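The file query_13.txt contains compact mmCIF, C-alpha atoms:
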```txt
# COMPACT_ATOMS: atom_id res chain seq x y z
CA MET A 290 -30.97 10.43 -15.10
CA THR A 291 -34.22 8.53 -15.46
CA LEU A 292 -33.99 4.92 -16.56
CA THR A 293 -35.16 4.27 -20.12
CA VAL A 294 -36.52 1.18 -21.86
CA GLU A 295 -33.27 0.98 -23.82
CA THR A 296 -31.23 0.95 -20.62
CA ILE A 297 -33.29 -1.90 -19.18
CA GLU A 298 -32.71 -3.81 -22.43
CA SER A 299 -28.97 -3.31 -22.07
CA TYR A 300 -29.15 -4.52 -18.44
CA PHE A 301 -30.97 -7.66 -19.58
CA GLU A 302 -28.28 -8.32 -22.18
CA GLU A 303 -25.60 -7.98 -19.52
CA TYR A 304 -27.53 -10.16 -17.03
CA GLY A 305 -27.95 -12.86 -19.67
CA TRP A 306 -31.67 -13.46 -19.20
CA ALA A 307 -34.15 -13.65 -22.07
CA TYR A 308 -36.92 -11.06 -21.90
CA GLU A 309 -39.93 -9.79 -23.76
CA LEU A 310 -40.78 -6.11 -24.15
CA LEU A 311 -44.56 -6.06 -23.75
CA ASP A 312 -44.99 -2.31 -24.27
CA ASP A 313 -43.20 0.93 -23.42
CA SER A 314 -43.40 0.30 -19.70
CA HIS A 315 -43.64 -3.48 -19.21
CA PHE A 316 -41.09 -6.27 -19.55
CA LEU A 317 -41.60 -9.98 -18.96
CA THR A 318 -38.80 -12.32 -17.97
CA GLY A 319 -38.52 -15.40 -15.80
CA PHE A 320 -36.28 -18.06 -14.41
CA ASN A 321 -36.33 -21.80 -13.98
CA SER A 322 -36.87 -22.58 -10.36
CA GLU A 323 -35.91 -25.46 -8.11
CA VAL A 324 -39.51 -25.73 -6.87
CA ILE A 325 -41.72 -25.06 -9.90
CA ASP A 326 -40.96 -24.98 -13.62
CA THR A 327 -40.74 -21.24 -14.11
CA PHE A 328 -41.42 -18.06 -12.20
CA ALA A 329 -42.53 -15.20 -14.45
CA ILE A 330 -41.20 -11.79 -13.42
CA TYR A 331 -42.86 -8.59 -14.60
CA ILE A 332 -40.89 -5.36 -14.65
CA THR A 333 -43.05 -2.25 -14.69
CA LEU A 334 -41.74 1.27 -15.22
CA THR A 335 -43.74 4.11 -13.70
CA PRO A 336 -42.66 7.76 -13.68
CA ASN A 337 -40.79 7.46 -10.36
CA TRP A 338 -40.49 3.75 -9.59
CA VAL A 339 -39.51 0.46 -11.17
CA TYR A 340 -41.38 -2.61 -9.90
CA PHE A 341 -40.00 -6.15 -10.22
CA SER A 342 -42.90 -8.50 -9.39
CA ILE A 343 -43.92 -12.11 -9.37
CA ALA A 344 -47.66 -11.64 -9.74
CA PRO A 345 -49.27 -13.83 -8.70
CA PHE A 346 -46.67 -15.54 -6.55
CA VAL A 347 -49.50 -17.71 -5.23
CA GLU A 348 -53.18 -17.37 -6.09
CA ALA A 349 -55.73 -16.23 -3.50
CA PRO A 350 -56.69 -18.99 -1.07
CA SER A 351 -60.04 -20.50 -2.03
CA ASP A 352 -60.59 -21.90 1.47
CA PRO A 353 -61.13 -19.06 4.01
CA ARG A 354 -59.59 -21.25 6.72
CA CYS A 355 -56.21 -20.74 5.04
CA GLU A 356 -56.26 -16.96 5.19
CA LEU A 357 -55.18 -16.15 8.73
CA LYS A 358 -52.18 -18.50 8.81
CA LEU A 359 -51.13 -17.44 5.32
CA TYR A 360 -51.31 -13.70 6.04
CA SER A 361 -49.54 -14.06 9.38
CA HIS A 362 -46.77 -16.04 7.69
CA LEU A 363 -46.35 -13.45 4.91
CA LEU A 364 -46.08 -10.54 7.35
CA GLN A 365 -43.50 -12.41 9.44
CA LEU A 366 -41.53 -13.15 6.26
CA CYS A 367 -41.63 -9.43 5.48
CA GLN A 368 -39.90 -8.86 8.82
CA GLN A 369 -37.05 -11.17 7.82
CA ILE A 370 -36.41 -10.41 4.16
CA ASN A 371 -34.46 -7.47 2.77
CA MET A 372 -35.21 -5.48 -0.37
CA ALA A 373 -38.41 -7.41 -1.16
CA LYS A 374 -41.90 -7.57 0.31
CA PHE A 375 -44.98 -9.74 0.14
CA SER A 376 -48.34 -8.12 -0.47
CA VAL A 377 -51.90 -9.03 -1.44
CA ASP A 378 -53.61 -7.43 -4.44
CA ALA A 379 -57.27 -6.56 -4.99
CA ASP A 380 -57.98 -10.12 -6.19
CA GLY A 381 -56.48 -11.60 -3.03
CA ASP A 382 -53.46 -13.00 -4.89
CA VAL A 383 -50.10 -13.00 -3.12
CA ILE A 384 -47.47 -10.83 -4.83
CA LEU A 385 -43.70 -10.76 -4.27
CA THR A 386 -42.17 -7.41 -5.22
CA VAL A 387 -38.95 -5.43 -5.24
CA GLU A 388 -39.41 -1.72 -5.93
CA LEU A 389 -36.62 0.73 -6.69
CA PRO A 390 -36.49 4.44 -7.52
CA ARG A 391 -36.34 4.89 -11.30
CA GLU A 392 -33.91 7.80 -11.04
CA ASN A 393 -30.33 6.61 -11.56
CA LEU A 394 -31.20 2.90 -11.30
CA ASP A 395 -27.92 1.21 -12.20
CA TYR A 396 -27.01 -2.29 -13.31
CA SER A 397 -25.96 -3.36 -9.83
CA GLU A 398 -29.43 -2.49 -8.45
CA PHE A 399 -31.13 -4.19 -11.41
CA SER A 400 -29.06 -7.30 -10.76
CA ASP A 401 -29.76 -7.20 -7.00
CA ALA A 402 -33.51 -6.87 -7.62
CA LEU A 403 -33.66 -9.94 -9.88
CA GLY A 404 -31.36 -11.84 -7.52
CA ALA A 405 -33.47 -11.05 -4.45
CA LEU A 406 -36.73 -11.97 -6.19
CA SER A 407 -35.30 -15.28 -7.42
CA TYR A 408 -33.83 -16.17 -4.06
CA TYR A 409 -36.92 -15.37 -1.98
CA ALA A 410 -39.27 -16.97 -4.51
CA ASP A 411 -37.34 -20.24 -4.51
CA GLN A 412 -36.89 -20.24 -0.76
CA ASN A 413 -40.52 -19.50 0.16
CA TYR A 414 -42.77 -20.84 -2.57
CA GLU A 415 -43.47 -24.29 -1.14
CA ALA A 416 -44.42 -23.05 2.32
CA VAL A 417 -46.53 -20.16 1.03
CA HIS A 418 -48.32 -22.39 -1.49
CA ALA A 419 -49.04 -24.99 1.19
CA LEU A 420 -50.45 -22.37 3.56
CA ALA A 421 -52.64 -20.94 0.76
CA THR A 422 -54.11 -24.29 -0.22
CA ASP A 423 -54.05 -26.61 2.81
CA PRO A 424 -55.94 -25.54 5.94
CA ASP A 425 -53.89 -28.02 7.98
CA ALA A 426 -50.50 -26.68 6.84
CA VAL A 427 -48.34 -25.31 9.65
CA SER A 428 -46.20 -22.20 9.31
CA ALA A 429 -42.55 -22.47 10.34
CA PHE A 430 -43.20 -19.44 12.54
CA GLU A 431 -45.86 -21.40 14.47
CA GLU A 432 -43.40 -24.24 14.94
CA GLU A 433 -40.83 -21.78 16.28
CA SER A 434 -43.27 -20.33 18.80
CA ASP A 435 -44.10 -23.88 19.99
CA LEU A 436 -40.49 -24.14 21.15
CA ASP A 437 -41.15 -21.55 23.86
CA TRP A 438 -40.74 -23.01 27.29
CA GLY A 439 -43.95 -23.36 29.25
CA GLU A 440 -44.94 -24.98 32.48
CA MET B 120 -18.41 3.01 1.26
CA ALA B 121 -20.82 1.87 3.96
CA VAL B 122 -22.54 4.64 5.90
CA THR B 123 -21.11 5.38 9.36
CA ALA B 124 -22.58 6.77 12.57
CA GLU B 125 -20.79 10.07 11.87
CA THR B 126 -22.43 10.35 8.46
CA LEU B 127 -25.86 9.71 9.94
CA GLU B 128 -25.22 12.45 12.50
CA GLU B 129 -24.40 14.85 9.66
CA TYR B 130 -27.60 13.85 7.87
CA PHE B 131 -29.64 14.45 11.02
CA GLU B 132 -28.07 17.92 11.44
CA GLN B 133 -28.93 18.74 7.85
CA TYR B 134 -32.47 17.33 8.20
CA LYS B 135 -32.90 19.42 11.38
CA TRP B 136 -34.49 16.68 13.43
CA THR B 137 -33.29 16.09 16.96
CA TYR B 138 -31.95 12.62 17.58
CA GLN B 139 -30.38 10.41 20.19
CA LYS B 140 -27.32 8.29 19.41
CA LEU B 141 -27.63 5.14 21.51
CA ASP B 142 -24.44 3.51 20.19
CA GLU B 143 -22.36 3.38 17.01
CA THR B 144 -25.11 1.51 15.14
CA TYR B 145 -28.30 2.73 16.72
CA PHE B 146 -30.14 6.09 16.62
CA ARG B 147 -33.54 7.21 17.74
CA THR B 148 -35.62 10.19 16.67
CA VAL B 149 -39.20 11.31 17.23
CA PHE B 150 -41.72 13.14 15.11
CA ARG B 151 -45.16 14.44 15.88
CA GLY B 152 -47.70 13.63 13.20
CA ASP B 153 -51.31 14.73 12.88
CA VAL B 154 -52.65 11.69 14.74
CA SER B 155 -49.86 10.58 17.07
CA THR B 156 -46.22 10.94 18.05
CA PHE B 157 -43.94 8.30 16.55
CA THR B 158 -40.48 7.11 17.57
CA ILE B 159 -38.23 6.06 14.67
CA GLN B 160 -35.31 3.72 15.27
CA ILE B 161 -32.41 3.80 12.81
CA ARG B 162 -30.10 0.82 12.94
CA ILE B 163 -27.00 0.08 10.88
CA ALA B 164 -26.72 -3.70 10.51
CA GLY B 165 -24.16 -5.04 8.07
CA ASP B 166 -25.19 -4.28 4.51
CA TRP B 167 -28.46 -2.58 5.48
CA VAL B 168 -29.79 0.43 7.32
CA TYR B 169 -33.23 -0.05 8.89
CA PHE B 170 -35.56 2.88 9.60
CA SER B 171 -38.37 1.45 11.73
CA ILE B 172 -41.32 2.35 13.90
CA VAL B 173 -41.30 -0.54 16.37
CA PRO B 174 -43.95 -1.22 17.42
CA PHE B 175 -46.21 0.73 15.10
CA VAL B 176 -49.16 -0.94 16.82
CA VAL B 177 -48.90 -3.60 19.52
CA SER B 178 -50.09 -7.12 18.91
CA PRO B 179 -53.89 -7.54 18.79
CA GLN B 180 -55.23 -9.22 21.91
CA ASP B 181 -58.48 -10.38 20.31
CA PRO B 182 -58.06 -13.12 17.67
CA ASP B 183 -61.08 -11.68 15.82
CA CYS B 184 -58.93 -8.67 14.94
CA GLU B 185 -56.06 -10.59 13.41
CA LEU B 186 -57.48 -11.62 10.05
CA LYS B 187 -58.86 -8.19 9.14
CA LEU B 188 -55.71 -6.47 10.38
CA TYR B 189 -53.27 -8.73 8.53
CA LYS B 190 -55.24 -8.58 5.28
CA HIS B 191 -55.34 -4.78 5.51
CA LEU B 192 -51.57 -4.58 6.13
CA LEU B 193 -50.83 -6.79 3.11
CA HIS B 194 -53.10 -4.62 0.94
CA LEU B 195 -51.22 -1.56 2.20
CA ASN B 196 -47.92 -3.25 1.31
CA HIS B 197 -49.24 -3.53 -2.22
CA GLU B 198 -49.97 0.18 -2.43
CA MET B 199 -46.99 1.69 -0.61
CA ASN B 200 -43.60 2.50 -2.10
CA MET B 201 -40.32 2.15 -0.22
CA ALA B 202 -41.93 1.04 3.07
CA LYS B 203 -43.54 -2.16 4.30
CA PHE B 204 -45.58 -3.39 7.22
CA THR B 205 -44.31 -6.48 9.02
CA VAL B 206 -45.21 -8.55 12.07
CA ASP B 207 -42.46 -9.55 14.50
CA SER B 208 -42.14 -12.59 16.76
CA ASP B 209 -44.18 -10.85 19.49
CA GLY B 210 -47.02 -10.27 17.04
CA ASP B 211 -46.42 -6.50 17.04
CA VAL B 212 -46.94 -4.58 13.79
CA ASN B 213 -43.85 -2.70 12.58
CA LEU B 214 -43.41 -0.17 9.78
CA THR B 215 -40.00 -0.28 8.11
CA VAL B 216 -37.90 1.22 5.33
CA GLU B 217 -34.66 -0.63 4.59
CA LEU B 218 -31.86 0.72 2.42
CA PRO B 219 -28.42 -0.60 1.47
CA SER B 220 -25.78 0.88 3.80
CA GLU B 221 -23.35 1.13 0.88
CA ASN B 222 -23.24 4.72 -0.36
CA LEU B 223 -26.42 5.73 1.46
CA ASP B 224 -26.69 9.40 0.57
CA TYR B 225 -28.56 12.29 2.14
CA SER B 226 -31.34 12.17 -0.41
CA GLU B 227 -32.07 8.52 0.45
CA PHE B 228 -31.93 9.34 4.17
CA CYS B 229 -34.54 12.09 3.61
CA ASP B 230 -36.71 9.81 1.49
CA ALA B 231 -36.64 7.10 4.16
CA LEU B 232 -37.69 9.44 6.99
CA GLY B 233 -40.23 11.14 4.72
CA ALA B 234 -41.82 7.85 3.66
CA LEU B 235 -42.03 6.55 7.23
CA ALA B 236 -43.55 9.78 8.49
CA TYR B 237 -46.08 9.94 5.65
CA TYR B 238 -47.24 6.31 5.85
CA ALA B 239 -47.30 6.30 9.65
CA ASP B 240 -49.52 9.35 9.86
CA ASP B 241 -51.71 8.24 6.97
CA ASN B 242 -52.37 4.74 8.32
CA TYR B 243 -52.04 4.80 12.10
CA ALA B 244 -55.67 5.44 13.04
CA GLN B 245 -57.09 2.67 10.88
CA VAL B 246 -54.39 0.11 11.71
CA PHE B 247 -54.82 0.79 15.44
CA VAL B 248 -58.59 0.39 15.23
CA LEU B 249 -58.34 -2.84 13.23
CA ALA B 250 -55.84 -4.23 15.76
CA HIS B 251 -57.94 -3.49 18.81
CA VAL B 252 -61.61 -3.14 17.88
CA PRO B 253 -63.10 -6.47 16.75
CA GLU B 254 -66.13 -4.78 15.17
CA ALA B 255 -63.99 -2.50 13.00
CA HIS B 256 -63.85 -2.99 9.24
CA PRO B 257 -61.28 -1.70 6.75
CA LYS B 258 -62.34 1.10 4.44
CA VAL B 259 -64.27 -0.54 1.62
CA GLU B 260 -62.51 -0.07 -1.68
CA GLN B 261 -64.72 0.63 -4.65
CA ASP B 262 -65.03 -2.42 -6.88
CA LEU B 263 -64.33 -1.12 -10.36
CA ASP B 264 -64.41 -4.53 -12.02
CA TRP B 265 -67.20 -4.66 -14.56
CA GLU B 266 -69.51 -7.60 -14.13
CA THR B 267 -72.34 -8.78 -16.35
CA GLY B 268 -75.71 -8.85 -14.70
```
Conversion result in structure tokens:
Amino acid sequence: MTLTVETIESYFEEYGWAYELLDDSHFLTGFNSEVIDTFAIYITLTPNWVYFSIAPFVEAPSDPRCELKLYSHLLQLCQQINMAKFSVDADGDVILTVELPRENLDYSEFSDALGALSYYADQNYEAVHALATDPDAVSAFEEESDLDWGE
Amino acid sequence: MAVTAETLEEYFEQYKWTYQKLDETYFRTVFRGDVSTFTIQIRIAGDWVYFSIVPFVVSPQDPDCELKLYKHLLHLNHEMNMAKFTVDSDGDVNLTVELPSENLDYSEFCDALGALAYYADDNYAQVFVLAHVPEAHPKVEQDLDWETG
């Protein structure tokens, strides 16, 4: 059975988070973070998929020197995280997303999606923001590779 | 109930793809696309099942390729459903679908293999060129944003 707006509303009630129904296919919610005041989460219903997104997670880097280290870091994070992924939209903003099939989406999946987004947002925001804004910032992945033994 | 090796074997039989069982948690299968032949690894690891093409494209040797390649992969991640491109510790590009191992059913198994096959075939040529040809440029997307003159 395809998920309806009313079902998402009932999931929100059960999850205990405040939300706003923006239109027939968009919800807005958010959570207070340990690293910034609030992360806004958009939930978008399309015919076959439901997207849970923090958009933007971090705005596009204004200094081109930041881009390579930032993008490399995001793709290596994608290798490590489950359920979620980082991407870059047409404006160059960094997006953090969980996407799930709309068919038969149950409360447990809804809860897992919000949980994963919250966890990965909190855990990665400071490093991703630093890499997007400070050309001298160093990715944890670069530090790891520096530990390789060399003559 | 978490999916087992026996269940994955049943799914492969039903899907009619040949496969190799390397151990109780690790399978390999191959498909021939329009542009290349791809090996898919399927690994059961705790709460997750990973369907991966590893490497999808090996690490770029020329640093000039990296920025264009990585930006392109992150744009693709924005457009794709179910799958994602990643970069591993060797710098290789991987294409992955990950699904919870709990109650993984045949329909999800089919969707995972279908998504990997579709995105691999659709994107391989351009990702390979961006990774290894410094002069290559991603397909230019039409800018539909209206701007005042």
May I have a table of the residues of chain A lying at most 10 Å from chain B, giving each one's closest pair of atoms and their distance in Å to one decimal, counting only C-alpha atoms, ordered by chain and ascending residue number, as a tab-separated table?
```
residue	atom	partner	partner_atom	distance
A:Trp338	CA	B:Asn200	CA	8.2
A:Tyr340	CA	B:Asn200	CA	9.6
A:Glu356	CA	B:Leu186	CA	7.3
A:Leu357	CA	B:Leu186	CA	5.2
A:Lys358	CA	B:Leu186	CA	8.8
A:Leu359	CA	B:Tyr189	CA	9.5
A:Tyr360	CA	B:Tyr189	CA	5.9
A:Ser361	CA	B:Tyr189	CA	6.6
A:His362	CA	B:Val206	CA	8.8
A:Leu363	CA	B:Leu193	CA	8.2
A:Leu364	CA	B:Thr205	CA	4.7
A:Gln365	CA	B:Val206	CA	5.0
A:Leu366	CA	B:Thr205	CA	7.7
A:Cys367	CA	B:Thr205	CA	5.3
A:Gln368	CA	B:Thr205	CA	5.0
A:Gln369	CA	B:Thr205	CA	8.7
A:Ile370	CA	B:Glu217	CA	9.9
A:Asn371	CA	B:Glu217	CA	7.1
A:Met372	CA	B:Glu217	CA	7.0
A:Ala373	CA	B:Lys203	CA	9.1
A:Lys374	CA	B:Lys203	CA	6.9
A:Phe375	CA	B:Leu193	CA	7.2
A:Ser376	CA	B:Leu193	CA	4.6
A:Val377	CA	B:His194	CA	5.2
A:Asp378	CA	B:His194	CA	6.1
A:Ala379	CA	B:His194	CA	7.5
A:Gly381	CA	B:His194	CA	8.7
A:Val383	CA	B:Leu193	CA	8.8
A:Ile384	CA	B:His197	CA	8.0
A:Leu385	CA	B:His197	CA	9.3
A:Thr386	CA	B:His197	CA	8.6
A:Val387	CA	B:Met201	CA	9.2
A:Glu388	CA	B:Met201	CA	7.0
A:Leu389	CA	B:Met201	CA	7.6
A:Pro390	CA	B:Met201	CA	8.6
A:Phe430	CA	B:Ser208	CA	8.1
A:Glu431	CA	B:Ser208	CA	9.8
A:Glu433	CA	B:Ser208	CA	9.3
A:Ser434	CA	B:Ser208	CA	8.1
```
For atom CA of A:Cys355 and atom CA of B:Cys184, quote the distance in Å rounded to one decimal.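 Atom CA of B:Cys184 lies 15.8 Å from atom CA of A:Cys355.
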Edge lengths and centre in Å to one decimal, as lines of an AutoDock Vina configuration file, of the axis-aligned box that encloses all listed atoms of stretch 172-191 of chain B with 4 Å added on every side?
```
center_x = -51.2
center_y = -5.4
center_z = 13.6
size_x = 27.8
size_y = 23.5
size_z = 24.6
```
Return the single residue from A:Asp395, A:Asp401, A:Asp411, A:Asp326 that is closest to A:Ile297, with distances computed using only C-alpha atoms.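 Between A:Asp395, A:Asp401, A:Asp411, A:Asp326, the residue approaching A:Ile297 most closely is A:Asp395.
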Could you work out how far atom CA of B:Ile172 lies from atom CA of B:Thr158, giving the answer in Å with one decimal?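 Here the two named atoms are 6.1 Å from each other.
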Can you pull out every residue within 10 Å of A:Arg354, counting all atoms listed in the file, but drop anything in the same chain fewer than 6 positions away, and send it as a list in words?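 The filter keeps Leu420, Ala421, Thr422, Asp423, Pro424 and Asp425 of chain A.
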Please, what distance in Å, to one decimal, runs between atom CA of A:Ala349 and atom CA of B:Asp241? 26.9 Å
6 Å contact set for B:Arg147, only C-alpha atoms, chain neighbours under 5 positions out, as a PDB file with C-alpha atoms, keeping the file's coordinate frame:
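The new file part-v6.pdb reads:
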```pdb
ATOM      1  CA  TYR B 138     -31.950  12.620  17.580  1.00  0.00           C
ATOM      2  CA  GLN B 139     -30.380  10.410  20.190  1.00  0.00           C
ATOM      3  CA  ILE B 159     -38.230   6.060  14.670  1.00  0.00           C
ATOM      4  CA  GLN B 160     -35.310   3.720  15.270  1.00  0.00           C
TER       5      GLN B 160
END
```
Protein and nucleic acid residues near (-59.6, 6.4, 13.6) (cut-off 12 Å, all atoms listed in the file) as a list in words: Asp153, Val154, Ser155, Asp240, Asp241, Asn242, Tyr243, Ala244, Gln245, Val246, Phe247, Val248, Leu249, Ala250, His251, Val252, Ala255, His256, Pro257 and Lys258 of chain B
Given the choices A:Ala429, A:Ser351, A:Asp313, A:Phe346, which gets closest to A:Thr333 if the distance is worked out from only C-alpha atoms?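 Ranking A:Ala429, A:Ser351, A:Asp313, A:Phe346 by distance to A:Thr333, first place goes to A:Asp313.
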